[in-house]
Each structure stands twice: as structure tokens, then as C-alpha cells.
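A short worksheet on the structure shown next.
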Amino acid sequence: MLTKIAGGEIIDPVGGRHGVGDLWIEDGVIVDPPAGRNAETTVDASGCIVMAGAIDIHSHIGGGNVNTARLLLPEHHSAHLPRPSETPLSNLGWTAFQTGRLYAQMGFTTVVEPAMAPGNALHTHLELADIPIIDKATLAVLGNDDFLLSLIRDNASSSMIEDYVAWTVASSRALGAKVINAGGSAAFKENVRRFSLDDIVPSYGVSSRKIVKTLQMAVQNLGIPHPLHVHCNNLGMPGSVDTAAATIAAAEGVPLHLAHLQFYGYGTEGKRRFSSAASQLAEQVNATPEITIDVGQVMFGQTVTISSDVLRQFSARGNAHPKKSVIFDGDGNGGGIVPYRYRKDFYGSLQWAIGLELFLLITDPWRVFFTTDHPNGAPFTAYPALFELLMSKEARREMAEGLSASALALTTLLAIDREYTLEEIAVMTRAAPARLLGLKDRGNLAAGAIADVAVYRKGKDIAKMFGSAAFVFKDGELVVKDGEVVAHRWGRALRLAPQPDKTMVRRLEAYHQERYGLSLDWFDFPDWAIAREQPFSEVACAA
Amino acid sequence: MAVAWIGNRDAPVQHAVEQAAELLAASRCPVISIDTDIHGTRAAIALAERIGAAYDHPFEGVARETATFTDRGGIFVSPGEVRRRADVVVVVGDLPAYSREFVSELAETVPDLAGDNSRSFFSVTGTPIGPFPADNQGPVTHLSCKGTDLTGTVAALRAHLAGRRISSPVENADRLSKALGHARFTAFLCSGAGLDDLALEMVQGLAADLNKKARASILLIPTSEAGWGSVLVSTWTTGLPLRTSFSRGAPEFDPWRWNVGRMIEEGEVDLHLWIGAGSPPAKNGDSKLIALTKTGQPVADAAITIPIGEPGADHDAVLLSARTGTLAARPASEPSRMPAAATVINSILEHLDPTC
Ligand SMILES: [Zn+2]
């Protein structure tokens, strides 16, 4: 079917298009204007902006820890249920089904679950397969697993380590690799309670830095498009800026992605010894071209923190609100679930401001990514409000009025005039994520790209504009109209499929038999287990 | 075509499916008991949503395990980490029979990740654990406290370890205390099958006390692998565990109100759909029963019986593996023509009027 999205303001930074025009779609992809043919369907996009579907690179939408969070908080669900559509900001998009709908309504068409435990891959993919409309992808978590730490301790060759990373990514159907507090979970199991970049994991004699560097190089050498995704040590601690700064410096010219940098923007100044170090961090990011970051913006209200950084979650469990938490000493990383309420007090205000400082002080929209680390800083349903804060200094000033003045005084936020342009929003949420993840078929509106298209009705109310898309197309199918879901379809999980080395597979089989008494089937699974047609879609590694 | 039964009469499966759809559509208070694989559970919840049913598993122990999460949270460990790391293992209360194999495995191996490659066992239960006798003849040190039950013993033990005075001493508590003093990683093994809510909470308290200075964690062994697998599915599909109802449209979780066993007993139910291997509870009054179970004959008192296969035996399935603590694909070990629960439920769904 030939569809024309007519007369919208097309914003496609990749194709260099910015202006009023038509966009044509046929058979699920964007096509050049067909000569001498009429559209079978025409969508009137006058007064609207037209962008590629948005891509979220870091949002905890499924898998063991996410599901445990649901289980821990049944009251959360029911509290928000009566008016889910009227109160999007208080809705966590809690079920797999709602997650897909709510993302689609905002014009998001691809979302990455960034923390899949490789041993939990089947469970994670089953959950993701129940998220409708959007495409999904996962990052496999490495760096606290005995197999890798032992390889590093024993000075294994880089090719052996690459074989292991390739096998992990392939068997778990991931799109990339992530390290979360490298070595910190392993150290916690040996009763270590503080763990930083140059600390050594007991029993291995391997530093956190060494783990990060090893994985960074393996990802690079394997041609995995997405650079190693790093959750640094010391998340959320006063002074964590030093850890982030040291990690950025450790990139040494090779691409590295730092997740939810806001949680590391903390200095130790002021009488509470908790201050903003965002401008220092932003400056360092600006000066380090191989670094990309996502923000992990904090917004106010009730949420739940979900992290495979078990050490950090263990130490944060005293702040749980409501007062219950789950800590899991799992294979490899494990994780922790701590419900939390961000208040407009000194701490909450400071965290909110630091995230915005990072967004506004990092100059290159190709290197700063739009996340709340859902649901850690805020549920993803807070995105429309966050777009408004980025695009309007007036909105920031208004919001700041109700916040802690002493906290804001420790930041540069109110002195920043920058307002994101629509072009920059299109880069940050479409073009840049596609490039970062190696997804050549999306994030742009050139002929041949998948027809994932978001159309927003222009208006003064930015949050309303981005919260409720006028039209959304997924693979060319109209799925949202006037903010309402009009069609359900099942998306796919995007995955890499590097060929695992046979010697490594034999070695891993022997290791698992000997150490766990289990076969490698634990990690791998046949596609029929997902019970959907074509649950996966393969993305190529670089040659 | 395999046969089904309407009452005691043979009927084509197709016909039984149509009849089942009619009964479900007509029911005012339908309930579903789920004891099957992951895709069977997904289908059953979709059916519950369509007809406004309450759905549950038939395992009281799983309900207690669920409450551990929904009410309190806690600290937990994976079975793999227990095998590789735990140098002190404390079994509290009876474990489900299927876990005997895992306990034997722990006895036959030593932790290789930490500690001095040895493992000691303690037991707070009056019954044999795994392959070991219930007395102190084997490698297990038994802890007991006269004049109280299991829950009381756990409470006394926690007090003893915390250095508080207790009225009657726990036999061998000092040996445990000494072992914990040297432990690199202590694992408590327990299950909703063997402990009540209070005892489960007390074990969490014990672990929390120990974690102030050392490392300890709890392996909660599910009463039923199928039951816990269903809890996981239900949680991601409705946001809530089992004992949830769609009777008012949106799903509501209430472990007392939507306890299907209780509802049947108290006559609140007019139609019970049973999906699973075991035998359904006796029906009450003139409520009707539809049984989806592996059988070669009609289930007693059932209005409709439709045979289904055993997941992972008759047909490919995804099941929870308590041994890994996660979901696993299980290809059919003895493939047969017996259909999966999901297949039968989905064809019932197809026969329901879409507006019902
Ligand atoms: Zn995260």
C-alpha cells in the first residue's frame, strides 16, 4: 500500500531534510516520491512535525529484575490503574503490554533493555516478546561473571576473551554488551562494601578498570556497533564524579558509552557535602570525542530503582519507600530493587538540576542521549515533561520555583539559556541512537529506511505535543492516531549474531558441566520457545 | 483426532472445545486453576481476561512464596551461586521433594569460588534433608528447640545468634554460631512448602542480621516449578501475581479473595476450569467443572474433560527450572499427539464471542 504523509514539517538530520514536504511509505519502508502514482492513503500532516520513530537506548522494560520489581510492588500497579490514560506521569507503564502502548503513543518505535543477565535471556526475551508495537533489543551484562574474571586473571589471549563475549552476545540474542559496576557484584559476594575503579576483586586479583578495558577492547575488536555500555562504580555517591572522570579518561581514544551520567554528577561541596559537578563532567565529555553518555534524568515522584549493581542497591535499601526491597545475589551480577520517591527536597532538587545541566552543557546532541534510566530516575512516561524542560528555559524556571533554592544555588542550571531545537531533539532521540546502536535502517527518513515515523501536532504545549503523537507508523503500519493506539502488532528483538568459536563453546560446555553441573542449554534456547513468528531480527557487526 | 468427553460420553475434541467456550461465556463467576507451562499460563490469563475470571495456582506454598515478595522483599541467592560459593548451608523447614537432587548435589560438591573448599550443613527441621537422615549421624548438624515448633525454633535461633537471652536453648546452636563466624558465604535453603509466613520472614531476619557484618543469602525453592513459572508470567502480563481476578475488568490482586480453593469451598464459584496434571478439588454444589488434564478417561464429575499433554514430555514447552532459577526451553522428551494446554485454550478463545 502506498501512503503519503502530506504537508508536514519534515525533520531528518541524517538526510539533511528540514522543511515542509511529503513523506512516502510503501511495503513498510520509506520510498522516494513515486512518479505518476497516487497514494492509496493520505495522512494530512499539515501543522505537524514529522520525524523518524524515536529510539530509547536505555530503559529497563523487561527481564528478571524488572519483573521482580513488579512483584515487589503490586500496590503500585493498582494505585495507578484507575486512570492510566489521564495520568500518564504517574503511570509506570507497568505491564509488558502497557509498555509497548505507552511508548508508541509518544512516537517511540525501538527501545533497548540495557541489563539482560545472559543466564536469564529466555525469560527476558519472552517478556520483550509480549511488549506490543515497538521493536526491542537487549544488552548482555558481563564483567562480574567468574568465567570472564578467571580469563582475565589467567592472562587469557584477547581472542579468547572476544570468543567468550561473542558467544554470550550470540546465545543471549543481544545487541551489545554492558558492564555494571565491573567486579563490584563479585566483590560484594566476598563481603566488600565499597568498590571503585582501581579496587581489586578478591580471589581474582583483577581491578575494575582492567575488566572495563578488557570488555571495551573485545567489543571494539568484534565489530559490535554499540560501544561497551558502562555503568560505573560508586553510582549515586557524593564524589562519584571522580569515578566517572576516571572512567572517561580510561576510554583512551576507543569508544565507550557511560550510562545515566546524572548519577555520577555529584561533588562533595557545600555543608551537606553533596553538590553538582555537572559542569566539570560536561566539559570533560565535550573534550573526549570517543565518549557518549545518556543522562538518567530524575523527575519527581514515586518510582522504583532497578539495578544489576547489587552492591549499590544493598547500600541504598535503607532509603526504600515504601519500606521493602529485594537484593539478589545472582549468577554474575544479580541485582537489587529499591522503591524510591524523589522529593523536591535538597537532594532531589540537586539531582534534577544535575541531569538538566548535563543535557544542556554537553554541546553535541550526537553524544548525549535522552533517558531517565527508566524507571530509576523516573518512569519513561515522564519523557514529554522532560522534552519541555530541554526546549524551554521558561519551563525550567517555573519548575525551579518549587524546588530547594539552596540546592539550585550549587548548580549552574538557572544561568543556562540553551533551549534544544527540534532538530537537536531529532538528533538526540532518532539519528544518534540509530548510529550508536548500528541500526542503519532506522532513525532517519531516507528512502529505504524502515517506515517508523512519528508525527506530532505542533503547539505551544511541548509536553502535550510529544506525549500524544498525532500519528505513529511502525513498519509502515498506522499504530497510533491522535495519541490513541489504533493497531497492535508484535515487534521484534534486534540482535547480533556473531559466530561463536567452536573451541570456546566446547570449553564453556566443559566449564558449566564441571562448575555448575549444568549444560550450556541454560543460556541458549531455540526460537520456538518465544512462540511468535520471527521474534528476532539480525543486525550486522562491522566487518 | 484424540477424543474428549462431555460428561462421561466420548466427544470429538472440537465439540468439547465449543461446549467449553459456551459454558465459560455463560458463567457468572468463572475461576481458573493453572498448573502448566509458560505458554499455557499466558493463554489461560488471556482467557481469564476475556471472560472476567479469577485465576490461581493450586499451591498454598507458592502463595506464601509470593507473599514474601509482595509484602516484604528480602535477600535471595541463585542456586548456581549456592553451589559455587556457599560454605555454610542451613536448611530451614521441609523442602519440596524435587529439590532432594539439588541438596545431594551440594553434599557431593564443595564451593570453588571462595572459602576453603569445604561445606558444612545445618538443618532446622525435624525431617530428613535430601539424602541425609534426620539425626546427627550424617554430615548434617540438626538444630532443634524443645517445646516449640519450627517457627519457634527459628525465632529462638535468631535471638541466640543476635546474642539475646532465650528461654529454652536451641540444641547445637553454638556449633552453627561457630560455623557462621568463619563462613565466607552462608546460604539458607527454604521453601513456602515447609515454612509459614512468619517463619519465612524470620529467616529473612536471620540473613539480614548476618549481612551487617558478613555475607548471607536465601535460596527460596519454589513449592512448584510450574506454579512459580506461572507467577512470573502473570506478573509481566498483568503486573500482578496469581490470585488475581478480572471480574471487575482491570486485574485485581487479592491473595485471600481470589484464592480459588477458598472460593470453591465457600460456594462462590459457578464454573471451575482446571488446567494441569493433578486432580481438581471436589466441586461444590451445582458448580461445573471443565478439566484440561493428561488423562485417558473422563474426570469424575467434570462437565467436560479435554486431554492435554505433559509439558516437556508430550510437547515442547518453556518451564521454570528451579535448578537454574530461570525459564528453560524443554523439547518434548516423548513427543505425542496430546496437545499443549495453550493449544486447547487458544481454540477455546477462538470460539468465544469476541464481545463477551
Ligand atoms: Zn539503567
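In the C-alpha cells, chains take the letters A, B, ... in the order shown, each chain's residues start at 1, and ligands count up from 1 in the order shown.
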
Nearby residues (only C-alpha atoms) at most 8 Å from B:Pro169, same-chain spacing under 5 positions excluded, as a list in words: Cys145, Lys146 and Ala156 of chain B

Those residues you just picked out, can you put them in a file as a PDB file, in the first residue's frame with C-alpha atoms?
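Wrote again_19.pdb, looks like this:
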ATOM      1  CA  CYS B 145      14.421 -26.417  70.348  1.00  0.00           C
ATOM      2  CA  LYS B 146      12.301 -28.337  72.831  1.00  0.00           C
ATOM      3  CA  ALA B 156      14.907 -18.786  69.163  1.00  0.00           C
TER       4      ALA B 156
END

Interface, chain A side, toward chain B (8 Å; only C-alpha atoms) as an MDAnalysis selection string: chainID A and resid 67:68 70:74 77:78 81 94:97 119:120 122:123 127 130 189:191 203 324:331 515:516 521:522 525:526 529 531

Can you write just those residues out, N, CA and C atoms, as a short mmCIF file (atom, residue, chain, number, x, y, z; two decimals), in the first residue's frame?
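See again26.cif below for the written result:
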data_model
loop_
_atom_site.label_atom_id
_atom_site.label_comp_id
_atom_site.auth_asym_id
_atom_site.auth_seq_id
_atom_site.Cartn_x
_atom_site.Cartn_y
_atom_site.Cartn_z
N ASN A 67 10.81 -7.69 36.43
CA ASN A 67 9.64 -8.45 36.86
C ASN A 67 9.59 -8.58 38.38
N THR A 68 10.75 -8.71 38.99
CA THR A 68 10.79 -8.76 40.45
C THR A 68 10.29 -7.45 41.04
N ARG A 70 8.01 -5.55 39.74
CA ARG A 70 6.54 -5.61 39.66
C ARG A 70 5.99 -6.43 40.82
N LEU A 71 6.66 -7.57 41.07
CA LEU A 71 6.18 -8.49 42.10
C LEU A 71 6.28 -7.85 43.48
N LEU A 72 7.31 -7.03 43.66
CA LEU A 72 7.51 -6.38 44.96
C LEU A 72 6.47 -5.29 45.20
N LEU A 73 5.90 -4.75 44.14
CA LEU A 73 5.05 -3.56 44.29
C LEU A 73 3.67 -3.72 43.67
N PRO A 74 2.92 -4.73 44.09
CA PRO A 74 1.59 -4.88 43.47
C PRO A 74 0.70 -3.67 43.73
N HIS A 77 0.88 -0.88 41.11
CA HIS A 77 0.10 -1.10 39.91
C HIS A 77 -1.34 -0.66 40.12
N SER A 78 -1.96 -1.16 41.17
CA SER A 78 -3.37 -0.86 41.36
C SER A 78 -3.59 0.62 41.64
N LEU A 81 -3.88 2.29 38.36
CA LEU A 81 -4.72 1.67 37.35
C LEU A 81 -6.00 2.43 36.99
N TRP A 94 3.40 -0.37 33.49
CA TRP A 94 3.89 -1.47 34.30
C TRP A 94 3.91 -2.84 33.63
N THR A 95 2.90 -3.18 32.88
CA THR A 95 2.92 -4.50 32.25
C THR A 95 3.67 -4.41 30.93
N ALA A 96 4.02 -5.59 30.42
CA ALA A 96 4.67 -5.64 29.11
C ALA A 96 3.76 -4.97 28.08
N PHE A 97 2.49 -5.26 28.16
CA PHE A 97 1.52 -4.75 27.18
C PHE A 97 1.45 -3.22 27.22
N GLY A 119 22.23 -15.52 31.59
CA GLY A 119 21.57 -16.75 32.03
C GLY A 119 20.06 -16.62 32.09
N ASN A 120 19.58 -15.40 31.96
CA ASN A 120 18.15 -15.13 32.05
C ASN A 120 17.60 -14.69 30.69
N LEU A 122 16.26 -16.20 28.04
CA LEU A 122 14.95 -16.66 27.55
C LEU A 122 13.81 -15.91 28.25
N HIS A 123 13.91 -15.80 29.57
CA HIS A 123 12.89 -15.06 30.31
C HIS A 123 12.79 -13.62 29.78
N GLU A 127 9.47 -11.85 27.90
CA GLU A 127 8.80 -10.61 28.32
C GLU A 127 8.79 -9.59 27.19
N ASP A 130 6.23 -9.96 24.59
CA ASP A 130 4.87 -9.57 24.96
C ASP A 130 4.68 -8.05 25.00
N LYS A 189 29.92 -10.28 46.93
CA LYS A 189 29.72 -11.66 47.40
C LYS A 189 30.84 -12.09 48.34
N GLU A 190 31.95 -11.38 48.27
CA GLU A 190 33.04 -11.67 49.21
C GLU A 190 33.10 -10.59 50.30
N ASN A 191 31.95 -9.99 50.52
CA ASN A 191 31.76 -9.07 51.65
C ASN A 191 32.50 -7.75 51.51
N SER A 203 40.03 -12.72 45.27
CA SER A 203 40.15 -14.05 44.65
C SER A 203 40.56 -14.01 43.19
N LYS A 324 10.43 -1.68 51.58
CA LYS A 324 10.73 -3.07 51.24
C LYS A 324 11.63 -3.06 50.02
N SER A 325 12.44 -4.09 49.90
CA SER A 325 13.39 -4.15 48.79
C SER A 325 13.73 -5.60 48.53
N VAL A 326 14.31 -5.84 47.36
CA VAL A 326 14.82 -7.18 47.05
C VAL A 326 16.28 -7.04 46.64
N ILE A 327 17.12 -7.84 47.25
CA ILE A 327 18.52 -7.92 46.86
C ILE A 327 18.75 -9.34 46.37
N PHE A 328 19.41 -9.46 45.22
CA PHE A 328 19.56 -10.78 44.61
C PHE A 328 21.04 -11.05 44.29
N ASP A 329 21.60 -12.02 45.01
CA ASP A 329 22.96 -12.47 44.70
C ASP A 329 22.88 -13.48 43.56
N GLY A 330 22.77 -12.98 42.35
CA GLY A 330 22.58 -13.86 41.21
C GLY A 330 23.90 -14.31 40.60
N ASP A 331 23.80 -15.19 39.64
CA ASP A 331 24.98 -15.59 38.88
C ASP A 331 25.47 -14.35 38.14
N ARG A 515 31.55 -26.92 36.83
CA ARG A 515 31.36 -25.97 37.94
C ARG A 515 29.90 -25.86 38.39
N TYR A 516 29.00 -26.00 37.46
CA TYR A 516 27.58 -25.83 37.82
C TYR A 516 26.80 -27.13 37.74
N ASP A 521 22.71 -25.34 27.70
CA ASP A 521 21.30 -25.04 27.35
C ASP A 521 20.71 -23.96 28.24
N TRP A 522 21.31 -23.81 29.42
CA TRP A 522 20.90 -22.76 30.34
C TRP A 522 20.87 -21.40 29.63
N PHE A 525 18.63 -21.06 23.65
CA PHE A 525 17.27 -21.58 23.50
C PHE A 525 16.87 -21.55 22.05
N PRO A 526 16.00 -22.46 21.66
CA PRO A 526 15.51 -22.43 20.28
C PRO A 526 14.47 -21.32 20.11
N ALA A 529 10.79 -21.32 21.42
CA ALA A 529 10.45 -21.05 22.83
C ALA A 529 9.73 -19.71 22.99
N ALA A 531 7.55 -18.52 20.89
CA ALA A 531 6.17 -18.68 20.41
C ALA A 531 5.62 -17.47 19.66
#

Per-residue nearest contacts of chain A to ligand 1 (12 Å; only C-alpha atoms and all ligand atoms) as CSV:
residue,atom,partner,partner_atom_place_in_ligand_line,distance
A:Asp56,CA,ligand 1,1 (Zn),11.7
A:Ile57,CA,ligand 1,1 (Zn),9.9
A:His58,CA,ligand 1,1 (Zn),6.2
A:Ser59,CA,ligand 1,1 (Zn),6.4
A:His60,CA,ligand 1,1 (Zn),6.3
A:Ile61,CA,ligand 1,1 (Zn),10.1
A:Gly62,CA,ligand 1,1 (Zn),11.7
A:Asn65,CA,ligand 1,1 (Zn),11.2
A:Val66,CA,ligand 1,1 (Zn),10.9
A:Val112,CA,ligand 1,1 (Zn),10.4
A:Glu113,CA,ligand 1,1 (Zn),8.5
A:Pro114,CA,ligand 1,1 (Zn),6.4
A:Ala115,CA,ligand 1,1 (Zn),7.0
A:Met116,CA,ligand 1,1 (Zn),10.7
A:Thr138,CA,ligand 1,1 (Zn),11.8
A:Leu139,CA,ligand 1,1 (Zn),10.8
A:Val141,CA,ligand 1,1 (Zn),11.4
A:Lys178,CA,ligand 1,1 (Zn),10.2
A:Val179,CA,ligand 1,1 (Zn),10.9
A:Ile180,CA,ligand 1,1 (Zn),9.0
A:Asn181,CA,ligand 1,1 (Zn),11.5
A:His229,CA,ligand 1,1 (Zn),10.2
A:Val230,CA,ligand 1,1 (Zn),9.8
A:His231,CA,ligand 1,1 (Zn),7.6
A:Cys232,CA,ligand 1,1 (Zn),10.9
A:Leu235,CA,ligand 1,1 (Zn),10.8
A:Leu258,CA,ligand 1,1 (Zn),10.4
A:Ala259,CA,ligand 1,1 (Zn),6.8
A:His260,CA,ligand 1,1 (Zn),6.7
A:Leu261,CA,ligand 1,1 (Zn),10.3
A:Gln262,CA,ligand 1,1 (Zn),11.5
A:Phe263,CA,ligand 1,1 (Zn),10.4
A:Asp294,CA,ligand 1,1 (Zn),9.7
A:Val295,CA,ligand 1,1 (Zn),10.2
A:Gly296,CA,ligand 1,1 (Zn),7.7
A:Gln297,CA,ligand 1,1 (Zn),11.2
A:Val304,CA,ligand 1,1 (Zn),11.7
A:Thr305,CA,ligand 1,1 (Zn),8.8
A:Ile306,CA,ligand 1,1 (Zn),7.4
A:Ser307,CA,ligand 1,1 (Zn),6.4
A:Ser308,CA,ligand 1,1 (Zn),8.3
A:Asp309,CA,ligand 1,1 (Zn),9.4
A:Gly335,CA,ligand 1,1 (Zn),11.3
A:Gly336,CA,ligand 1,1 (Zn),11.8
A:Ile337,CA,ligand 1,1 (Zn),12.0
A:Thr371,CA,ligand 1,1 (Zn),9.1
A:Thr372,CA,ligand 1,1 (Zn),8.5
A:Asp373,CA,ligand 1,1 (Zn),4.8
A:His374,CA,ligand 1,1 (Zn),7.0
A:Pro375,CA,ligand 1,1 (Zn),8.1
A:Asn376,CA,ligand 1,1 (Zn),6.9
A:Gly377,CA,ligand 1,1 (Zn),9.1
A:Ala378,CA,ligand 1,1 (Zn),11.1
A:Pro379,CA,ligand 1,1 (Zn),11.7

Those of stretch 223-301 of chain B in DSSP strand (DSSP E or B), formatted as a ChimeraX atom specification: /B:244-245,252-253,271-276,288-293

Write to file, as a JSON list (two decimals), in the first residue's frame, the residues of the selection just made, with N, CA and C atoms.
[["chain", "number", "residue", "atom", "x", "y", "z"],
["B", 244, "THR", "N", -5.40, -13.40, 41.18],
["B", 244, "THR", "CA", -5.81, -12.14, 40.57],
["B", 244, "THR", "C", -7.11, -12.41, 39.83],
["B", 245, "SER", "N", -7.95, -11.38, 39.74],
["B", 245, "SER", "CA", -9.23, -11.54, 39.06],
["B", 245, "SER", "C", -9.49, -10.40, 38.09],
["B", 252, "GLU", "N", -7.21, -7.38, 39.44],
["B", 252, "GLU", "CA", -7.04, -7.04, 40.86],
["B", 252, "GLU", "C", -6.40, -8.23, 41.56],
["B", 253, "PHE", "N", -5.40, -7.95, 42.36],
["B", 253, "PHE", "CA", -4.71, -9.00, 43.10],
["B", 253, "PHE", "C", -5.19, -8.98, 44.54],
["B", 271, "LEU", "N", -18.32, -21.96, 37.88],
["B", 271, "LEU", "CA", -17.60, -22.74, 36.87],
["B", 271, "LEU", "C", -16.11, -22.72, 37.18],
["B", 272, "HIS", "N", -15.54, -23.92, 37.20],
["B", 272, "HIS", "CA", -14.12, -24.05, 37.51],
["B", 272, "HIS", "C", -13.42, -24.70, 36.32],
["B", 273, "LEU", "N", -12.45, -23.96, 35.74],
["B", 273, "LEU", "CA", -11.61, -24.55, 34.69],
["B", 273, "LEU", "C", -10.30, -24.98, 35.31],
["B", 274, "TRP", "N", -10.04, -26.24, 35.25],
["B", 274, "TRP", "CA", -8.82, -26.80, 35.85],
["B", 274, "TRP", "C", -7.84, -27.13, 34.72],
["B", 275, "ILE", "N", -6.63, -26.58, 34.81],
["B", 275, "ILE", "CA", -5.62, -26.85, 33.78],
["B", 275, "ILE", "C", -4.40, -27.42, 34.47],
["B", 276, "GLY", "N", -4.16, -28.70, 34.34],
["B", 276, "GLY", "CA", -2.97, -29.25, 34.97],
["B", 276, "GLY", "C", -3.01, -30.74, 35.19],
["B", 288, "LYS", "N", -19.95, -26.10, 37.98],
["B", 288, "LYS", "CA", -19.49, -27.01, 36.93],
["B", 288, "LYS", "C", -17.97, -27.03, 36.86],
["B", 289, "LEU", "N", -17.47, -28.16, 36.36],
["B", 289, "LEU", "CA", -16.02, -28.32, 36.23],
["B", 289, "LEU", "C", -15.66, -28.63, 34.78],
["B", 290, "ILE", "N", -14.68, -27.89, 34.26],
["B", 290, "ILE", "CA", -14.06, -28.26, 32.98],
["B", 290, "ILE", "C", -12.62, -28.64, 33.29],
["B", 291, "ALA", "N", -12.22, -29.84, 32.91],
["B", 291, "ALA", "CA", -10.88, -30.31, 33.26],
["B", 291, "ALA", "C", -10.03, -30.44, 31.99],
["B", 292, "LEU", "N", -8.89, -29.72, 31.97],
["B", 292, "LEU", "CA", -7.87, -29.94, 30.94],
["B", 292, "LEU", "C", -6.73, -30.64, 31.65],
["B", 293, "THR", "N", -6.60, -31.93, 31.39],
["B", 293, "THR", "CA", -5.60, -32.68, 32.14],
["B", 293, "THR", "C", -5.14, -33.87, 31.32]]

DSSP-assigned helix (DSSP H, G or I) among stretch 48-262 of chain A, expressed as a PyMOL selection string: chain A and resi 64-72+74-80+88-90+96-105+118-129+146-153+158-171+184-189+208-222+240-249+261-262

Close residues, A:Thr429 itself excluded, 10 Å, only C-alpha atoms, min 6 positions apart in chain, as a count of residues only: 15

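Between atom CA of A:Lys440 and atom CA of A:His125 lies a distance of 22.7 Å.
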
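Closest approach to B:Ala53 from the set B:Lys283, B:Arg100, B:Lys294, B:Arg243 is made by B:Arg243, with distances taken over only C-alpha atoms.
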
All residues 6 Å or closer to stretch 217-224 of chain A, only C-alpha atoms, same chain fewer than 2 positions away omitted, as a PDB file with N, CA and C atoms, in the first residue's frame:
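What follows is the written file selection34.pdb:
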ATOM      1  N   GLU A 162      37.439 -12.382  23.325  1.00  0.00           N
ATOM      2  CA  GLU A 162      36.479 -11.997  22.282  1.00  0.00           C
ATOM      3  C   GLU A 162      35.547 -13.159  21.945  1.00  0.00           C
ATOM      4  N   THR A 214      39.189  -4.498  29.296  1.00  0.00           N
ATOM      5  CA  THR A 214      39.171  -5.771  28.565  1.00  0.00           C
ATOM      6  C   THR A 214      37.902  -5.884  27.723  1.00  0.00           C
ATOM      7  N   LEU A 215      36.767  -5.576  28.342  1.00  0.00           N
ATOM      8  CA  LEU A 215      35.496  -5.678  27.610  1.00  0.00           C
ATOM      9  C   LEU A 215      35.401  -4.619  26.519  1.00  0.00           C
ATOM     10  N   HIS A 226      27.618  -1.071  18.879  1.00  0.00           N
ATOM     11  CA  HIS A 226      27.459  -0.259  20.086  1.00  0.00           C
ATOM     12  C   HIS A 226      28.691  -0.406  20.964  1.00  0.00           C
ATOM     13  N   CYS A 541      27.305  -7.039  12.441  1.00  0.00           N
ATOM     14  CA  CYS A 541      28.514  -6.487  13.067  1.00  0.00           C
ATOM     15  C   CYS A 541      29.326  -5.801  11.977  1.00  0.00           C
ATOM     16  N   ALA A 542      30.191  -4.879  12.380  1.00  0.00           N
ATOM     17  CA  ALA A 542      31.102  -4.264  11.418  1.00  0.00           C
ATOM     18  C   ALA A 542      32.086  -5.318  10.941  1.00  0.00           C
TER      19      ALA A 542
END

Spatial neighbours of A:Lys271, 12 Å, only C-alpha atoms, chain gap at least 3 places, as a ChimeraX atom specification: /A:267-268,274-275,346,406-407,410

Test item: residues at most 12 Å from A:Met106, only C-alpha atoms, excluding those fewer than 2 positions along its chain, as a PyMOL selection string: chain A and resi 51+53-56+88+99-104+108-110+134+380-385+387+429+453-457+462-473+479-485

For A:Arg495: contacts at 9 Å, only C-alpha atoms, fewer than 6 positions along chain excluded, given as a PyMOL selection string: chain A and resi 137-138+169-170+172-176+536-540

Top pick for closest residue to A:Arg507, considering A:Ser196, A:Val241, A:Val310, A:Phe147 and counting only C-alpha atoms: A:Phe147

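For the atom pair formed by atom CA of B:Arg28 and atom CA of B:Asp270, the distance is 6.8 Å, given to one decimal.
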
Interatomic distance (Å, one decimal) between atom CA of B:Ala226 and atom CA of B:Glu101: 17.6 Å

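With only C-alpha atoms as the atoms that count, the minimum distance from B:Pro30 to the choices B:Pro131, B:Gly261, B:Gly52, B:Pro298 is reached by B:Gly52.
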